[in-house]
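Raw data35.txt, compact mmCIF, C-alpha atoms:
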# COMPACT_ATOMS: atom_id res chain seq x y z
CA MET N 1 26.15 -27.84 -27.98
CA ALA N 2 28.63 -25.03 -27.37
CA GLU N 3 30.43 -24.96 -24.04
CA TYR N 4 33.09 -22.62 -22.73
CA PRO N 5 36.49 -22.60 -24.47
CA PRO N 6 38.84 -25.30 -23.05
CA SER N 7 41.11 -22.88 -21.17
CA LEU N 8 38.11 -21.31 -19.46
CA GLU N 9 36.75 -24.75 -18.53
CA ARG N 10 40.11 -25.56 -16.94
CA LEU N 11 40.14 -22.29 -15.00
CA LEU N 12 36.58 -22.94 -13.76
CA HIS N 13 37.64 -26.44 -12.71
CA GLU N 14 40.64 -25.12 -10.72
CA LEU N 15 38.64 -22.32 -9.08
CA GLY N 16 35.96 -24.84 -8.15
CA LYS N 17 38.48 -26.78 -6.04
CA LEU N 18 38.71 -23.88 -3.57
CA PRO N 19 36.67 -24.17 -0.37
CA GLY N 20 33.32 -22.39 -0.54
CA ILE N 21 33.63 -21.70 -4.28
CA GLY N 22 30.79 -23.39 -6.18
CA PRO N 23 30.28 -23.40 -9.96
CA ARG N 24 28.39 -20.07 -9.91
CA THR N 25 31.05 -18.26 -7.90
CA ALA N 26 33.83 -19.78 -10.01
CA GLN N 27 32.06 -18.45 -13.10
CA ARG N 28 31.65 -14.99 -11.57
CA LEU N 29 35.35 -14.86 -10.61
CA ALA N 30 36.52 -16.14 -14.01
CA PHE N 31 34.39 -13.67 -15.97
CA HIS N 32 35.55 -10.85 -13.73
CA LEU N 33 39.20 -11.73 -14.43
CA LEU N 34 38.60 -12.03 -18.18
CA LYS N 35 37.13 -8.52 -18.21
CA GLN N 36 40.05 -7.00 -16.26
CA PRO N 37 43.46 -6.16 -17.76
CA SER N 38 45.65 -9.26 -17.90
CA ASP N 39 47.96 -7.75 -15.23
CA ILE N 40 45.35 -8.61 -12.61
CA SER N 41 45.33 -12.31 -13.51
CA LYS N 42 49.11 -12.36 -13.77
CA ALA N 43 49.57 -10.76 -10.35
CA LEU N 44 47.20 -13.27 -8.79
CA ALA N 45 48.95 -16.18 -10.52
CA ASN N 46 52.35 -14.94 -9.36
CA GLY N 47 51.03 -14.40 -5.85
CA LEU N 48 49.84 -18.00 -5.72
CA ILE N 49 53.14 -19.45 -6.95
CA GLU N 50 55.30 -17.18 -4.81
CA ALA N 51 53.39 -17.70 -1.56
CA ARG N 52 53.18 -21.45 -2.06
CA THR N 53 56.90 -21.69 -2.85
CA LYS N 54 58.31 -19.36 -0.21
CA ILE N 55 56.14 -20.03 2.81
CA HIS N 56 56.70 -22.92 5.21
CA PRO N 57 56.32 -23.56 8.94
CA CYS N 58 58.74 -21.92 11.41
CA ARG N 59 61.27 -24.47 12.68
CA ASP N 60 60.39 -23.79 16.32
CA CYS N 61 56.76 -22.69 16.56
CA TYR N 62 55.22 -23.80 13.21
CA ASN N 63 53.90 -20.31 12.48
CA LEU N 64 54.17 -19.35 8.79
CA THR N 65 57.44 -17.83 7.63
CA GLU N 66 59.71 -17.37 4.62
CA GLU N 67 62.83 -17.87 6.78
CA THR N 68 63.97 -20.70 9.02
CA LEU N 69 62.44 -18.98 12.03
CA CYS N 70 59.38 -16.72 12.08
CA GLN N 71 59.59 -13.04 13.03
CA ILE N 72 58.35 -13.74 16.54
CA CYS N 73 60.80 -16.56 17.30
CA MET N 74 63.64 -14.43 15.87
CA SER N 75 62.72 -11.34 17.90
CA SER N 76 64.85 -10.55 20.95
CA ASN N 77 62.00 -8.51 22.48
CA ARG N 78 59.72 -11.42 23.32
CA GLU N 79 59.42 -12.91 26.77
CA LYS N 80 60.71 -16.48 26.80
CA THR N 81 58.65 -17.43 29.86
CA SER N 82 55.22 -17.99 28.35
CA LEU N 83 54.08 -20.05 25.39
CA LEU N 84 50.67 -19.51 23.82
CA VAL N 85 49.39 -22.63 22.06
CA VAL N 86 47.04 -21.91 19.13
CA GLU N 87 45.36 -23.95 16.41
CA ASP N 88 46.38 -21.97 13.31
CA PRO N 89 48.72 -19.20 12.11
CA SER N 90 45.72 -16.87 11.79
CA ASP N 91 45.26 -17.16 15.58
CA VAL N 92 48.80 -15.83 16.05
CA VAL N 93 47.89 -12.75 14.02
CA ALA N 94 44.71 -12.31 16.11
CA PHE N 95 46.70 -12.29 19.36
CA GLU N 96 49.37 -10.00 17.90
CA ARG N 97 46.62 -7.48 17.08
CA THR N 98 45.90 -7.08 20.81
CA HIS N 99 49.44 -5.65 21.22
CA GLU N 100 49.45 -7.09 24.75
CA TYR N 101 50.86 -10.60 24.61
CA ARG N 102 54.67 -10.49 24.55
CA GLY N 103 55.53 -14.21 24.87
CA LEU N 104 56.08 -16.91 22.26
CA TYR N 105 53.62 -19.09 20.32
CA HIS N 106 53.18 -22.70 19.28
CA VAL N 107 50.95 -23.50 16.30
CA LEU N 108 49.28 -26.93 16.52
CA GLY N 109 47.99 -27.08 12.97
CA GLY N 110 44.40 -27.81 14.05
CA THR N 111 42.65 -29.77 16.78
CA LEU N 112 42.25 -33.42 17.59
CA SER N 113 39.16 -34.66 15.77
CA PRO N 114 38.46 -38.39 15.71
CA LEU N 115 35.44 -37.73 13.46
CA GLU N 116 37.60 -36.08 10.81
CA GLY N 117 40.40 -38.58 11.35
CA ARG N 118 42.85 -36.13 12.96
CA GLY N 119 44.86 -37.75 15.75
CA PRO N 120 47.81 -36.52 17.86
CA GLN N 121 50.31 -37.42 15.10
CA ASP N 122 48.62 -34.88 12.77
CA LEU N 123 49.34 -31.99 15.15
CA THR N 124 52.68 -30.56 16.31
CA LEU N 125 52.23 -32.08 19.79
CA ASP N 126 55.53 -34.00 19.94
CA ALA N 127 57.35 -30.81 19.02
CA LEU N 128 55.42 -28.93 21.71
CA VAL N 129 56.42 -31.40 24.44
CA ALA N 130 60.07 -31.43 23.27
CA ARG N 131 60.10 -27.64 23.16
CA VAL N 132 58.75 -27.26 26.69
CA LYS N 133 61.14 -29.96 27.95
CA ASN N 134 64.24 -28.44 26.32
CA ASN N 135 63.54 -24.77 27.00
CA LYS N 136 63.78 -24.44 30.73
CA THR N 137 62.68 -20.80 30.41
CA PHE N 138 58.95 -21.53 29.99
CA LYS N 139 56.91 -21.03 33.15
CA GLU N 140 53.39 -20.95 31.71
CA ILE N 141 51.77 -22.69 28.75
CA ILE N 142 48.54 -20.90 27.76
CA VAL N 143 46.28 -23.16 25.73
CA ALA N 144 44.27 -20.94 23.35
CA THR N 145 42.47 -23.51 21.21
CA ASP N 146 38.92 -22.57 20.16
CA PRO N 147 36.13 -22.75 22.79
CA THR N 148 34.57 -25.74 21.02
CA VAL N 149 34.24 -29.42 21.88
CA GLU N 150 37.30 -30.19 19.77
CA GLY N 151 39.29 -27.25 21.08
CA ASP N 152 38.44 -28.22 24.65
CA SER N 153 39.44 -31.85 24.26
CA THR N 154 42.68 -30.84 22.55
CA ALA N 155 43.38 -28.54 25.52
CA LEU N 156 42.77 -31.39 27.96
CA TYR N 157 45.05 -33.66 25.94
CA ILE N 158 47.81 -31.04 26.06
CA GLN N 159 47.35 -30.65 29.79
CA GLN N 160 47.88 -34.41 30.19
CA LEU N 161 50.97 -34.35 27.98
CA LEU N 162 52.59 -31.57 30.00
CA LYS N 163 51.46 -32.71 33.46
CA ALA N 164 54.84 -34.16 34.44
CA LEU N 165 56.74 -31.03 33.42
CA PRO N 166 57.44 -28.08 35.78
CA VAL N 167 55.17 -25.62 33.99
CA LYS N 168 51.75 -24.14 34.71
CA VAL N 169 49.20 -25.01 32.01
CA THR N 170 46.35 -22.47 31.68
CA ARG N 171 43.36 -22.05 29.39
CA LEU N 172 41.77 -18.85 28.04
CA ALA N 173 38.84 -17.49 30.10
CA ARG N 174 35.29 -18.30 28.98
CA GLY N 175 32.40 -15.88 29.34
CA LEU N 176 30.45 -13.17 27.58
CA PRO N 177 32.22 -11.59 24.60
CA SER N 178 32.82 -7.82 24.77
CA GLY N 179 29.94 -5.96 23.18
CA GLY N 180 27.76 -9.07 23.51
CA ASP N 181 24.21 -9.26 24.76
CA VAL N 182 23.18 -11.35 27.78
CA GLU N 183 19.73 -11.81 26.26
CA TYR N 184 21.14 -13.45 23.14
CA ALA N 185 24.00 -15.39 24.71
CA ASP N 186 23.67 -19.16 24.35
CA GLU N 187 23.26 -21.34 27.42
CA SER N 188 26.81 -22.70 27.38
CA THR N 189 28.27 -19.18 27.28
CA LEU N 190 26.03 -18.01 30.14
CA LEU N 191 26.95 -21.05 32.24
CA LYS N 192 30.66 -20.43 31.67
CA ALA N 193 30.18 -16.74 32.49
CA LEU N 194 28.45 -17.66 35.75
CA GLU N 195 31.06 -20.26 36.68
CA GLY N 196 33.88 -17.83 36.03
CA ARG N 197 32.32 -14.84 37.78
CA ARG N 198 34.72 -12.59 39.69
CA GLU N 199 34.36 -10.19 42.58
CA LEU N 200 34.18 -6.52 41.55
CA MET V 1 54.12 -6.71 15.83
CA ALA V 2 54.27 -9.80 13.65
CA GLU V 3 52.22 -9.82 10.48
CA TYR V 4 51.99 -12.43 7.74
CA PRO V 5 55.11 -13.11 5.65
CA PRO V 6 55.39 -10.68 2.69
CA SER V 7 54.51 -13.24 0.01
CA LEU V 8 51.36 -14.21 1.92
CA GLU V 9 50.40 -10.54 2.34
CA ARG V 10 50.75 -10.11 -1.42
CA LEU V 11 48.59 -13.18 -2.11
CA LEU V 12 45.92 -11.91 0.31
CA HIS V 13 46.03 -8.52 -1.42
CA GLU V 14 45.55 -10.09 -4.87
CA LEU V 15 42.77 -12.43 -3.71
CA GLY V 16 41.05 -9.46 -2.04
CA LYS V 17 40.69 -7.74 -5.43
CA LEU V 18 38.26 -10.42 -6.60
CA PRO V 19 34.54 -9.58 -6.42
CA GLY V 20 32.86 -10.85 -3.28
CA ILE V 21 36.14 -11.89 -1.65
CA GLY V 22 36.67 -9.98 1.61
CA PRO V 23 39.71 -10.23 3.90
CA ARG V 24 38.26 -13.23 5.80
CA THR V 25 37.54 -15.23 2.65
CA ALA V 26 40.91 -14.30 1.15
CA GLN V 27 42.56 -15.63 4.32
CA ARG V 28 40.53 -18.85 4.20
CA LEU V 29 41.44 -19.44 0.54
CA ALA V 30 45.13 -18.64 1.08
CA PHE V 31 45.46 -20.93 4.11
CA HIS V 32 43.67 -23.69 2.23
CA LEU V 33 46.13 -23.40 -0.67
CA LEU V 34 49.14 -23.33 1.66
CA LYS V 35 47.96 -26.57 3.24
CA GLN V 36 47.44 -28.34 -0.11
CA PRO V 37 50.24 -29.79 -2.28
CA SER V 38 51.86 -27.06 -4.38
CA ASP V 39 50.42 -28.66 -7.56
CA ILE V 40 47.03 -27.22 -6.66
CA SER V 41 48.33 -23.64 -6.52
CA LYS V 42 50.37 -24.15 -9.67
CA ALA V 43 47.40 -25.53 -11.61
CA LEU V 44 45.27 -22.56 -10.53
CA ALA V 45 48.03 -20.09 -11.44
CA ASN V 46 48.47 -21.71 -14.86
CA GLY V 47 44.71 -21.76 -15.38
CA LEU V 48 44.56 -18.02 -14.73
CA ILE V 49 47.40 -17.17 -17.10
CA GLU V 50 46.25 -19.54 -19.84
CA ALA V 51 42.60 -18.48 -19.82
CA ARG V 52 43.47 -14.77 -19.71
CA THR V 53 45.97 -15.16 -22.58
CA LYS V 54 44.01 -17.44 -24.91
CA ILE V 55 40.47 -16.19 -24.56
CA HIS V 56 39.10 -13.21 -26.46
CA PRO V 57 35.75 -12.18 -27.99
CA CYS V 58 34.49 -13.90 -31.15
CA ARG V 59 34.96 -11.63 -34.20
CA ASP V 60 31.27 -11.83 -35.12
CA CYS V 61 29.20 -12.37 -31.98
CA TYR V 62 31.55 -11.36 -29.10
CA ASN V 63 31.06 -14.68 -27.32
CA LEU V 64 34.24 -16.03 -25.68
CA THR V 65 36.55 -18.10 -27.86
CA GLU V 66 40.16 -19.15 -28.32
CA GLU V 67 39.83 -18.92 -32.14
CA THR V 68 38.83 -16.08 -34.46
CA LEU V 69 35.24 -17.27 -34.45
CA CYS V 70 33.42 -19.04 -31.61
CA GLN V 71 32.12 -22.60 -31.97
CA ILE V 72 28.60 -21.41 -32.64
CA CYS V 73 29.51 -18.91 -35.37
CA MET V 74 31.75 -21.56 -36.97
CA SER V 75 29.08 -24.25 -36.93
CA SER V 76 27.29 -25.04 -40.17
CA ASN V 77 24.32 -26.48 -38.28
CA ARG V 78 22.96 -23.21 -36.92
CA GLU V 79 20.03 -21.36 -38.44
CA LYS V 80 21.14 -18.03 -39.86
CA THR V 81 17.66 -16.51 -39.60
CA SER V 82 17.48 -15.61 -35.91
CA LEU V 83 19.85 -13.72 -33.66
CA LEU V 84 19.54 -13.91 -29.88
CA VAL V 85 20.97 -10.83 -28.17
CA VAL V 86 22.29 -11.48 -24.65
CA GLU V 87 24.20 -9.50 -22.05
CA ASP V 88 27.08 -11.88 -21.29
CA PRO V 89 28.78 -15.08 -22.54
CA SER V 90 27.30 -16.96 -19.56
CA ASP V 91 23.83 -16.25 -21.01
CA VAL V 92 24.87 -18.02 -24.23
CA VAL V 93 25.74 -21.12 -22.21
CA ALA V 94 22.39 -20.90 -20.40
CA PHE V 95 20.47 -20.89 -23.71
CA GLU V 96 22.65 -23.66 -25.16
CA ARG V 97 21.69 -25.83 -22.17
CA THR V 98 18.07 -25.75 -23.29
CA HIS V 99 19.12 -27.64 -26.48
CA GLU V 100 16.27 -25.85 -28.29
CA TYR V 101 17.59 -22.63 -29.74
CA ARG V 102 19.39 -23.27 -33.04
CA GLY V 103 20.09 -19.73 -34.23
CA LEU V 104 23.03 -17.38 -33.66
CA TYR V 105 23.91 -15.08 -30.75
CA HIS V 106 25.14 -11.58 -30.16
CA VAL V 107 26.84 -10.75 -26.84
CA LEU V 108 26.39 -7.11 -25.77
CA GLY V 109 28.90 -7.13 -22.94
CA GLY V 110 26.42 -5.80 -20.39
CA THR V 111 23.51 -3.36 -20.32
CA LEU V 112 23.19 0.39 -20.66
CA SER V 113 23.55 1.87 -17.20
CA PRO V 114 23.85 5.66 -16.85
CA LEU V 115 24.29 5.22 -13.10
CA GLU V 116 27.36 3.02 -13.57
CA GLY V 117 28.57 5.13 -16.48
CA ARG V 118 27.94 2.53 -19.21
CA GLY V 119 26.69 4.11 -22.40
CA PRO V 120 26.00 2.68 -25.91
CA GLN V 121 29.71 2.92 -26.84
CA ASP V 122 30.58 0.45 -24.06
CA LEU V 123 28.40 -2.28 -25.58
CA THR V 124 28.72 -4.05 -28.94
CA LEU V 125 25.71 -2.16 -30.32
CA ASP V 126 27.39 -0.71 -33.43
CA ALA V 127 28.57 -4.22 -34.32
CA LEU V 128 25.03 -5.53 -33.78
CA VAL V 129 23.51 -2.98 -36.16
CA ALA V 130 26.22 -3.58 -38.78
CA ARG V 131 25.74 -7.33 -38.46
CA VAL V 132 21.97 -7.14 -38.95
CA LYS V 133 22.41 -4.72 -41.85
CA ASN V 134 25.03 -6.81 -43.65
CA ASN V 135 23.55 -10.28 -43.08
CA LYS V 136 20.35 -10.27 -45.07
CA THR V 137 19.55 -13.73 -43.66
CA PHE V 138 18.32 -12.51 -40.24
CA LYS V 139 14.54 -12.43 -39.95
CA GLU V 140 14.14 -12.11 -36.16
CA ILE V 141 16.24 -10.45 -33.48
CA ILE V 142 15.32 -11.86 -30.04
CA VAL V 143 16.40 -9.50 -27.26
CA ALA V 144 17.19 -11.62 -24.18
CA THR V 145 18.62 -9.05 -21.79
CA ASP V 146 17.74 -9.57 -18.11
CA PRO V 147 14.18 -8.74 -16.95
CA THR V 148 15.46 -5.74 -14.97
CA VAL V 149 15.12 -1.97 -15.39
CA GLU V 150 18.50 -1.85 -17.12
CA GLY V 151 17.83 -4.93 -19.24
CA ASP V 152 14.46 -3.50 -20.30
CA SER V 153 15.83 -0.10 -21.26
CA THR V 154 18.66 -1.73 -23.21
CA ALA V 155 16.05 -3.81 -25.05
CA LEU V 156 14.06 -0.67 -25.92
CA TYR V 157 17.24 1.03 -27.12
CA ILE V 158 18.02 -1.93 -29.38
CA GLN V 159 14.49 -1.88 -30.73
CA GLN V 160 14.96 1.81 -31.70
CA LEU V 161 18.32 1.06 -33.33
CA LEU V 162 16.89 -1.70 -35.50
CA LYS V 163 13.53 -0.07 -36.27
CA ALA V 164 14.46 0.95 -39.81
CA LEU V 165 15.76 -2.49 -40.74
CA PRO V 166 13.57 -5.26 -42.23
CA VAL V 167 13.70 -7.57 -39.17
CA LYS V 168 11.26 -8.45 -36.42
CA VAL V 169 12.56 -7.49 -32.96
CA THR V 170 11.14 -9.60 -30.12
CA ARG V 171 11.68 -9.80 -26.35
CA LEU V 172 11.61 -12.88 -24.08
CA ALA V 173 8.27 -13.57 -22.39
CA ARG V 174 7.71 -12.37 -18.82
CA GLY V 175 5.70 -14.30 -16.25
CA LEU V 176 5.91 -16.87 -13.51
CA PRO V 177 9.10 -18.97 -13.51
CA SER V 178 8.64 -22.74 -13.85
CA GLY V 179 8.42 -24.35 -10.44
CA GLY V 180 7.63 -20.97 -8.90
CA ASP V 181 4.91 -20.14 -6.40
CA VAL V 182 2.12 -17.62 -7.09
CA GLU V 183 1.93 -16.85 -3.37
CA TYR V 184 5.56 -15.75 -3.25
CA ALA V 185 5.80 -14.06 -6.65
CA ASP V 186 6.56 -10.32 -6.47
CA GLU V 187 3.99 -7.82 -7.75
CA SER V 188 5.87 -6.98 -10.93
CA THR V 189 6.10 -10.66 -11.90
CA LEU V 190 2.39 -11.22 -11.20
CA LEU V 191 1.44 -8.14 -13.24
CA LYS V 192 3.57 -9.33 -16.17
CA ALA V 193 2.05 -12.81 -15.86
CA LEU V 194 -1.47 -11.32 -15.97
CA GLU V 195 -0.66 -9.03 -18.89
CA GLY V 196 0.83 -11.87 -20.87
CA ARG V 197 -1.90 -14.43 -20.13
CA ARG V 198 -2.79 -16.76 -22.98
CA GLU V 199 -5.84 -18.75 -23.85
CA LEU V 200 -5.65 -22.42 -22.93

Can the structure from this file be put into structure tokens for me?
Amino acid sequence: MAEYPPSLERLLHELGKLPGIGPRTAQRLAFHLLKQPSDISKALANGLIEARTKIHPCRDCYNLTEETLCQICMSSNREKTSLLVVEDPSDVVAFERTHEYRGLYHVLGGTLSPLEGRGPQDLTLDALVARVKNNKTFKEIIVATDPTVEGDSTALYIQQLLKALPVKVTRLARGLPSGGDVEYADESTLLKALEGRREL
Amino acid sequence: MAEYPPSLERLLHELGKLPGIGPRTAQRLAFHLLKQPSDISKALANGLIEARTKIHPCRDCYNLTEETLCQICMSSNREKTSLLVVEDPSDVVAFERTHEYRGLYHVLGGTLSPLEGRGPQDLTLDALVARVKNNKTFKEIIVATDPTVEGDSTALYIQQLLKALPVKVTRLARGLPSGGDVEYADESTLLKALEGRREL
């Protein structure tokens, strides 16, 4: 019985650890890389090592950075009055793409999820409370967790944590997405859109 | 405008070069690796470098190997009378899994494809002809390219190349796949199954 050479087996094993990469995909990726010039594999390997070594959470907001503070926390152009609380660093990038929000961020590192064993100690909630307490500049905390059961309960939990502090805690609006279709909207979305209706 | 840190941008760029990995998937993979212990990224990086450095085509059959000859060509237990011609090294592994075929292999490195600019010189066809000519032991050449237009035309091309030589050139049977469903079989498969029908 011939199998793959040992080094290829090891590569397939490592690729297979990635989320969403099954044995077939791992094989497709590995064969692709073996066919390409070795520069391609080297660049990917270096990219992995470099990113994993250099990147860590921002001291203040837990966004990803190579410095002590992330670009946003270091910037002097941001408004220090509002704090947008998101689940992950990719959410920060999504909001930055709107080019509208000019305040600061706080990255939770996920949501509360008893089912998956994630409690308050697994998120950056203590740091959030300390940050809001110590920075008297914040007037509004905008909770932008996902519009899911877990995102909603995390938002409620944050509201409770910050209740005693002199800040307004708000949540992103719910309703129909731009470009959406009333006919195909799910019931929960339609209900939220009705509840949140506004005068024209 | 904040973007990702430079090292993360580079990693996303390198991941995005892989087949079937779009920006969203690249982001998911990168964030996963950043959350895991750095050993995981290091092992993957080493796997990439090691596989790409050590693995090359077998001198005789063009299967993947870390030595001069692959395990199958080196083995003394294989029958030297039949040669199974496949497109890729993964096809060799597929046939080896059947535990039935005991002959040798020849890996073409793909199929002829004028549309994608792959001609005879891009496959190991010259080596195949030389091998059949020089090894008087081969009695049958089994062409096991994929049952596609390109696989079929490559098979015909090989048959022409070997016509003058004293070997039988055969092609894998076409028909219904085991566990398949007549109702859902496509027309081409049903036609081939009819054409190739055998007495019970």

Please report as a Markdown table every residue of chain N lying within 6 Å of chain V, along with the nearest atom pair and their distance in Å (one decimal), using only C-alpha atoms.
| residue | atom | partner | partner_atom | distance |
| --- | --- | --- | --- | --- |
| N:Pro5 | CA | V:Thr65 | CA | 5.6 |
| N:Ser7 | CA | V:Ala51 | CA | 4.8 |
| N:Leu8 | CA | V:Ala51 | CA | 5.3 |
| N:Leu11 | CA | V:Gly47 | CA | 4.6 |
| N:Glu14 | CA | V:Leu44 | CA | 5.3 |
| N:Leu34 | CA | V:Arg52 | CA | 5.8 |
| N:Ser41 | CA | V:Leu48 | CA | 5.9 |
| N:Leu44 | CA | V:Glu14 | CA | 5.3 |
| N:Ala45 | CA | V:Ala45 | CA | 4.1 |
| N:Gly47 | CA | V:Leu11 | CA | 4.6 |
| N:Leu48 | CA | V:Ser41 | CA | 5.9 |
| N:Ala51 | CA | V:Ser7 | CA | 4.9 |
| N:Arg52 | CA | V:Leu34 | CA | 5.8 |
| N:Thr65 | CA | V:Pro5 | CA | 5.6 |

Check: Which is closer to N:Arg59 than all the others in N:Leu200, N:Ala127, N:Val86, N:Val149, using all atoms listed in the file?
Finding: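 When distances to N:Arg59 are compared using all atoms listed in the file, the smallest one comes from N:Ala127.
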
Next item on the list: Record the distance separating atom CA of V:Val132 and atom CA of V:Thr148, expressed in Å with one decimal.
Entry: 24.9 Å

Check: Which residues, written as a PyMOL selection string, have at least one atom at most 7 Å from V:Ile142, with all atoms listed in the file counted and residues fewer than 5 positions away on the same chain left out?
Finding: chain V and resi 83-85+169-171

Next, the residues of the selection above should be written as a PDB file, keeping the file's coordinate frame with C-alpha atoms.
ATOM      1  CA  LEU V  83      19.850 -13.720 -33.660  1.00  0.00           C
ATOM      2  CA  LEU V  84      19.540 -13.910 -29.880  1.00  0.00           C
ATOM      3  CA  VAL V  85      20.970 -10.830 -28.170  1.00  0.00           C
ATOM      4  CA  VAL V 169      12.560  -7.490 -32.960  1.00  0.00           C
ATOM      5  CA  THR V 170      11.140  -9.600 -30.120  1.00  0.00           C
ATOM      6  CA  ARG V 171      11.680  -9.800 -26.350  1.00  0.00           C
TER       7      ARG V 171
END

Margin query: Would you pick out the contacts of stretch 185-196 of chain N at 12 Å or less, using all atoms listed in the file, so that residues sharing its chain but fewer than 5 positions from it are not included, and give the list as a PyMOL selection string?
Written below: chain N and resi 147-149+172-180

File of the preceding selection, C-alpha atoms, as a PDB file, keeping the file's coordinate frame:
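The resulting file, result-v9.pdb, is shown below:
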ATOM      1  CA  PRO N 147      36.130 -22.750  22.790  1.00  0.00           C
ATOM      2  CA  THR N 148      34.570 -25.740  21.020  1.00  0.00           C
ATOM      3  CA  VAL N 149      34.240 -29.420  21.880  1.00  0.00           C
ATOM      4  CA  LEU N 172      41.770 -18.850  28.040  1.00  0.00           C
ATOM      5  CA  ALA N 173      38.840 -17.490  30.100  1.00  0.00           C
ATOM      6  CA  ARG N 174      35.290 -18.300  28.980  1.00  0.00           C
ATOM      7  CA  GLY N 175      32.400 -15.880  29.340  1.00  0.00           C
ATOM      8  CA  LEU N 176      30.450 -13.170  27.580  1.00  0.00           C
ATOM      9  CA  PRO N 177      32.220 -11.590  24.600  1.00  0.00           C
ATOM     10  CA  SER N 178      32.820  -7.820  24.770  1.00  0.00           C
ATOM     11  CA  GLY N 179      29.940  -5.960  23.180  1.00  0.00           C
ATOM     12  CA  GLY N 180      27.760  -9.070  23.510  1.00  0.00           C
TER      13      GLY N 180
END

Check: Quick one: distance from atom CA of N:Ala155 to atom CA of N:Pro120 in Å, one decimal?
Finding: 11.9 Å

Checklist line | N:Leu108, N:Cys73, N:Val182, N:Cys61 ranked by distance to N:Gly151, top pick (using only C-alpha atoms) | finding: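 Smallest separation from N:Gly151 among the options: N:Leu108.
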
Check: How far is it from atom CA of N:Leu161 to atom CA of N:Ser76, in Å with one decimal?
Finding: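 Result for atom CA of N:Leu161 versus atom CA of N:Ser76: 28.4 Å, one decimal.
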
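Comparing N:Leu156, N:Val143, N:Leu69, N:Leu162 by their smallest distance to N:Ser82, the closest is N:Val143 (using only C-alpha atoms).
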
Next item on the list: Tell me, as a list in words, which residues lie within 10 Å of V:Lys133, counting all atoms listed in the file; anything in the same chain fewer than 4 positions away does not count.
Entry: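 The neighbour list is Ala127, Leu128, Val129, Thr137, Phe138, Leu162, Ala164, Leu165, Pro166 and Val167 of chain V.
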